[in-house]
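Worksheet for the structure shown next.
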Amino acid sequence: MTGDVIRHGGNAPIGADLRDNGAVERSLETQVDQAVEAWLRWLPRWEPATHRGRVAPCRRCLGSPVLSAAGLGSDVPHGVQHGLSTRIKTIVDNAVAHYTARNLPMLQAELDQQADRNRSRTYRPAEGLEPEFDGLPMDPDPVPGAPFLFTIAGLADEADAAVPALPPLTEDAKAALRQEVRLADEYASMVGREVCTILLRHRLRIQTAVAQYVEPQIAALLDELTRSLDAPFDSGDGLPGV
Ligand SMILES: [Zn+2]
């Protein structure tokens, strides 16, 4: 950590909060507990998707250390994973936002400007979604040869283009900003590791809930699939088009 950040914002004690400040650690623990509780309350409502899923893997969930810590491996349906990974991501994002507001003035100023600009967009379909939907693609996969008349992402891009871009930064400002972004990233990694440690304590409850609410539905789906694969020879109405 050098020059600019110290000059602008005083000492930015990466990790001091988590290592020395029991209150912050306790509050992370409370937040993770609450996130897991909220996810456990939602889980009984989960149902397997009946529509065709996206082909592209979810960048938030694929290989997520948070999901590994929670014991939600790749054998668990993505819809089940996504609600938890989003809730945990929100906790990490909030912790980093708090740290940035206190320690990283250039980054905070940049984020404030971007937030102002974002608020002035007339169409913001990606905001205010439930955790189960937040961060997922807004449009279905395109079908070759059958273009969409419009897409939600396209409309959002048009609304974004209608708002003037932020003024360019000087090279010095860019370098200082990059330094603060790096510090924010380091802090995010540390909070992420702490959150994973806390999640380990919830694995048993999470896995018990998956066994209760998710696995029977998957078993029923597989049964149904087996029956419909056997059926065409009997009735001819098993799998359409097969
Ligand atoms: Zn996901």
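FYI, nothing fancy with the structure tokens labels: chains A, B, ... in order, residues from 1 per chain, ligands from 1 as they appear.
All residues in segment 133-167 of chain A with a DSSP state of helix (DSSP H, G or I), computed from the backbone, read A:Ile152, A:Ala153, A:Gly154, A:Leu155, A:Ala156, A:Asp157, A:Glu158, A:Ala159, A:Asp160, A:Ala161.
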Selection export as a PDB file, in the first residue's frame, atoms kept: C-alpha atoms:
```pdb
ATOM      1  CA  ILE A 152     -34.798  -6.907 -21.986  1.00  0.00           C
ATOM      2  CA  ALA A 153     -30.997  -6.580 -21.983  1.00  0.00           C
ATOM      3  CA  GLY A 154     -31.202  -4.635 -25.266  1.00  0.00           C
ATOM      4  CA  LEU A 155     -33.781  -2.218 -23.845  1.00  0.00           C
ATOM      5  CA  ALA A 156     -31.611  -1.749 -20.747  1.00  0.00           C
ATOM      6  CA  ASP A 157     -28.595  -1.001 -22.970  1.00  0.00           C
ATOM      7  CA  GLU A 158     -30.614   1.618 -24.875  1.00  0.00           C
ATOM      8  CA  ALA A 159     -31.629   3.303 -21.599  1.00  0.00           C
ATOM      9  CA  ASP A 160     -27.974   3.255 -20.518  1.00  0.00           C
ATOM     10  CA  ALA A 161     -26.759   4.793 -23.793  1.00  0.00           C
TER      11      ALA A 161
END
```
### Task
For ligand 1, list the contacting residues at 9 Å or closer, counting only C-alpha atoms and all ligand atoms, as a PyMOL selection string.
chain A and resi 57-62+78-86+132-136
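Excluding Asp93 of chain A and any residue on its chain fewer than 4 positions from it, the residues at most 12 Å away by only C-alpha atoms are Leu28, Ser85, Thr86, Arg87, Ile88, Lys89, Ala97, His98, Tyr99, Thr100, Ala184, Asp185, Tyr187, Ala188, Ser189, Met190, Val191, Gly192 and Val195 of chain A.
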### Message
Report as an NGL selection string all protein, DNA and RNA residues lying within 10 Å of segment 112-119 of chain A, evaluated on only C-alpha atoms, omitting residues in the same chain fewer than 6 positions from it.
### Response
:A and (106 or 159-160 or 163-166)
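Interatomic distance, atom CA of Glu171 of chain A against atom CA of Val92 of chain A: 29.7 Å.
Distances from A:Asp230, A:Glu29, A:Glu110, A:Glu215 to Glu180 of chain A were compared using only C-alpha atoms, and the smallest one belongs to A:Glu110.
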### Test item: residues at most 12 Å from segment 31-34 of chain A, only C-alpha atoms, excluding those fewer than 3 positions along its chain, as a PyMOL selection string
chain A and resi 24-28+37-41+66+70+84-92+94-95+191-192+194-203+205-206
Convert the current residue selection to file output with N, CA and C atoms, as an mmCIF file, in the first residue's frame.
```
data_model
loop_
_atom_site.group_PDB
_atom_site.id
_atom_site.type_symbol
_atom_site.label_atom_id
_atom_site.label_comp_id
_atom_site.auth_asym_id
_atom_site.auth_seq_id
_atom_site.Cartn_x
_atom_site.Cartn_y
_atom_site.Cartn_z
ATOM 1 N N VAL A 24 -17.326 -6.512 14.440
ATOM 2 C CA VAL A 24 -17.559 -6.714 13.007
ATOM 3 C C VAL A 24 -17.698 -8.201 12.714
ATOM 4 N N GLU A 25 -16.803 -8.987 13.361
ATOM 5 C CA GLU A 25 -16.852 -10.426 13.118
ATOM 6 C C GLU A 25 -18.189 -10.994 13.567
ATOM 7 N N ARG A 26 -18.630 -10.560 14.742
ATOM 8 C CA ARG A 26 -19.924 -11.040 15.227
ATOM 9 C C ARG A 26 -21.033 -10.625 14.279
ATOM 10 N N SER A 27 -20.921 -9.412 13.757
ATOM 11 C CA SER A 27 -22.002 -8.957 12.893
ATOM 12 C C SER A 27 -22.007 -9.738 11.579
ATOM 13 N N LEU A 28 -20.806 -10.108 11.068
ATOM 14 C CA LEU A 28 -20.761 -10.973 9.878
ATOM 15 C C LEU A 28 -21.434 -12.303 10.192
ATOM 16 N N GLU A 37 -30.862 -18.606 7.320
ATOM 17 C CA GLU A 37 -32.243 -18.777 7.786
ATOM 18 C C GLU A 37 -33.240 -18.415 6.684
ATOM 19 N N ALA A 38 -32.979 -17.289 6.012
ATOM 20 C CA ALA A 38 -33.893 -16.844 4.948
ATOM 21 C C ALA A 38 -33.925 -17.864 3.804
ATOM 22 N N TRP A 39 -32.744 -18.400 3.478
ATOM 23 C CA TRP A 39 -32.673 -19.404 2.399
ATOM 24 C C TRP A 39 -33.401 -20.681 2.822
ATOM 25 N N LEU A 40 -33.241 -21.071 4.091
ATOM 26 C CA LEU A 40 -33.926 -22.282 4.580
ATOM 27 C C LEU A 40 -35.444 -22.092 4.561
ATOM 28 N N ARG A 41 -35.894 -20.851 4.822
ATOM 29 C CA ARG A 41 -37.348 -20.591 4.761
ATOM 30 C C ARG A 41 -37.858 -20.657 3.333
ATOM 31 N N VAL A 66 -18.023 -20.100 -1.760
ATOM 32 C CA VAL A 66 -19.124 -19.960 -0.803
ATOM 33 C C VAL A 66 -20.008 -21.211 -0.850
ATOM 34 N N ALA A 70 -20.681 -24.129 1.935
ATOM 35 C CA ALA A 70 -22.041 -24.435 2.376
ATOM 36 C C ALA A 70 -22.406 -25.890 2.105
ATOM 37 N N LEU A 84 -28.779 -18.918 -2.360
ATOM 38 C CA LEU A 84 -27.836 -18.787 -1.244
ATOM 39 C C LEU A 84 -26.612 -17.963 -1.655
ATOM 40 N N SER A 85 -26.067 -18.240 -2.847
ATOM 41 C CA SER A 85 -24.856 -17.498 -3.229
ATOM 42 C C SER A 85 -25.159 -16.003 -3.363
ATOM 43 N N THR A 86 -26.360 -15.654 -3.815
ATOM 44 C CA THR A 86 -26.712 -14.238 -3.930
ATOM 45 C C THR A 86 -26.843 -13.586 -2.554
ATOM 46 N N ARG A 87 -27.496 -14.298 -1.626
ATOM 47 C CA ARG A 87 -27.649 -13.723 -0.276
ATOM 48 C C ARG A 87 -26.288 -13.502 0.379
ATOM 49 N N ILE A 88 -25.352 -14.445 0.185
ATOM 50 C CA ILE A 88 -24.018 -14.302 0.779
ATOM 51 C C ILE A 88 -23.241 -13.190 0.064
ATOM 52 N N LYS A 89 -23.394 -13.113 -1.259
ATOM 53 C CA LYS A 89 -22.708 -12.055 -2.011
ATOM 54 C C LYS A 89 -23.137 -10.676 -1.503
ATOM 55 N N THR A 90 -24.423 -10.537 -1.184
ATOM 56 C CA THR A 90 -24.924 -9.259 -0.675
ATOM 57 C C THR A 90 -24.216 -8.877 0.625
ATOM 58 N N ILE A 91 -23.966 -9.859 1.481
ATOM 59 C CA ILE A 91 -23.270 -9.589 2.751
ATOM 60 C C ILE A 91 -21.847 -9.090 2.476
ATOM 61 N N VAL A 92 -21.148 -9.788 1.571
ATOM 62 C CA VAL A 92 -19.766 -9.390 1.250
ATOM 63 C C VAL A 92 -19.772 -8.001 0.604
ATOM 64 N N ASN A 94 -21.904 -5.592 0.973
ATOM 65 C CA ASN A 94 -22.186 -4.559 1.976
ATOM 66 C C ASN A 94 -20.975 -4.276 2.850
ATOM 67 N N ALA A 95 -20.249 -5.338 3.231
ATOM 68 C CA ALA A 95 -19.052 -5.148 4.054
ATOM 69 C C ALA A 95 -18.010 -4.331 3.286
ATOM 70 N N VAL A 191 -13.120 -10.893 3.570
ATOM 71 C CA VAL A 191 -14.480 -11.078 4.087
ATOM 72 C C VAL A 191 -15.049 -12.397 3.540
ATOM 73 N N GLY A 192 -14.759 -12.672 2.265
ATOM 74 C CA GLY A 192 -15.246 -13.907 1.658
ATOM 75 C C GLY A 192 -14.741 -15.133 2.401
ATOM 76 N N GLU A 194 -13.740 -15.270 5.503
ATOM 77 C CA GLU A 194 -14.367 -15.298 6.829
ATOM 78 C C GLU A 194 -15.788 -15.863 6.741
ATOM 79 N N VAL A 195 -16.504 -15.407 5.720
ATOM 80 C CA VAL A 195 -17.883 -15.852 5.520
ATOM 81 C C VAL A 195 -17.924 -17.372 5.252
ATOM 82 N N CYS A 196 -16.935 -17.859 4.491
ATOM 83 C CA CYS A 196 -16.873 -19.306 4.213
ATOM 84 C C CYS A 196 -16.650 -20.087 5.505
ATOM 85 N N THR A 197 -15.782 -19.568 6.362
ATOM 86 C CA THR A 197 -15.541 -20.234 7.649
ATOM 87 C C THR A 197 -16.834 -20.308 8.457
ATOM 88 N N ILE A 198 -17.590 -19.208 8.441
ATOM 89 C CA ILE A 198 -18.858 -19.199 9.186
ATOM 90 C C ILE A 198 -19.844 -20.199 8.567
ATOM 91 N N LEU A 199 -19.859 -20.253 7.227
ATOM 92 C CA LEU A 199 -20.807 -21.144 6.546
ATOM 93 C C LEU A 199 -20.560 -22.618 6.873
ATOM 94 N N LEU A 200 -19.284 -22.963 7.126
ATOM 95 C CA LEU A 200 -18.975 -24.359 7.442
ATOM 96 C C LEU A 200 -19.834 -24.863 8.601
ATOM 97 N N ARG A 201 -20.143 -23.948 9.524
ATOM 98 C CA ARG A 201 -20.938 -24.355 10.701
ATOM 99 C C ARG A 201 -22.393 -24.630 10.330
ATOM 100 N N HIS A 202 -22.814 -24.175 9.147
ATOM 101 C CA HIS A 202 -24.215 -24.365 8.746
ATOM 102 C C HIS A 202 -24.404 -25.548 7.800
ATOM 103 N N ARG A 203 -23.291 -26.208 7.433
ATOM 104 C CA ARG A 203 -23.367 -27.266 6.408
ATOM 105 C C ARG A 203 -24.406 -28.331 6.719
ATOM 106 N N ARG A 205 -27.146 -28.309 8.567
ATOM 107 C CA ARG A 205 -28.547 -27.886 8.399
ATOM 108 C C ARG A 205 -28.873 -27.724 6.920
ATOM 109 N N ILE A 206 -27.922 -27.169 6.161
ATOM 110 C CA ILE A 206 -28.146 -26.955 4.733
ATOM 111 C C ILE A 206 -28.336 -28.299 4.027
#
```
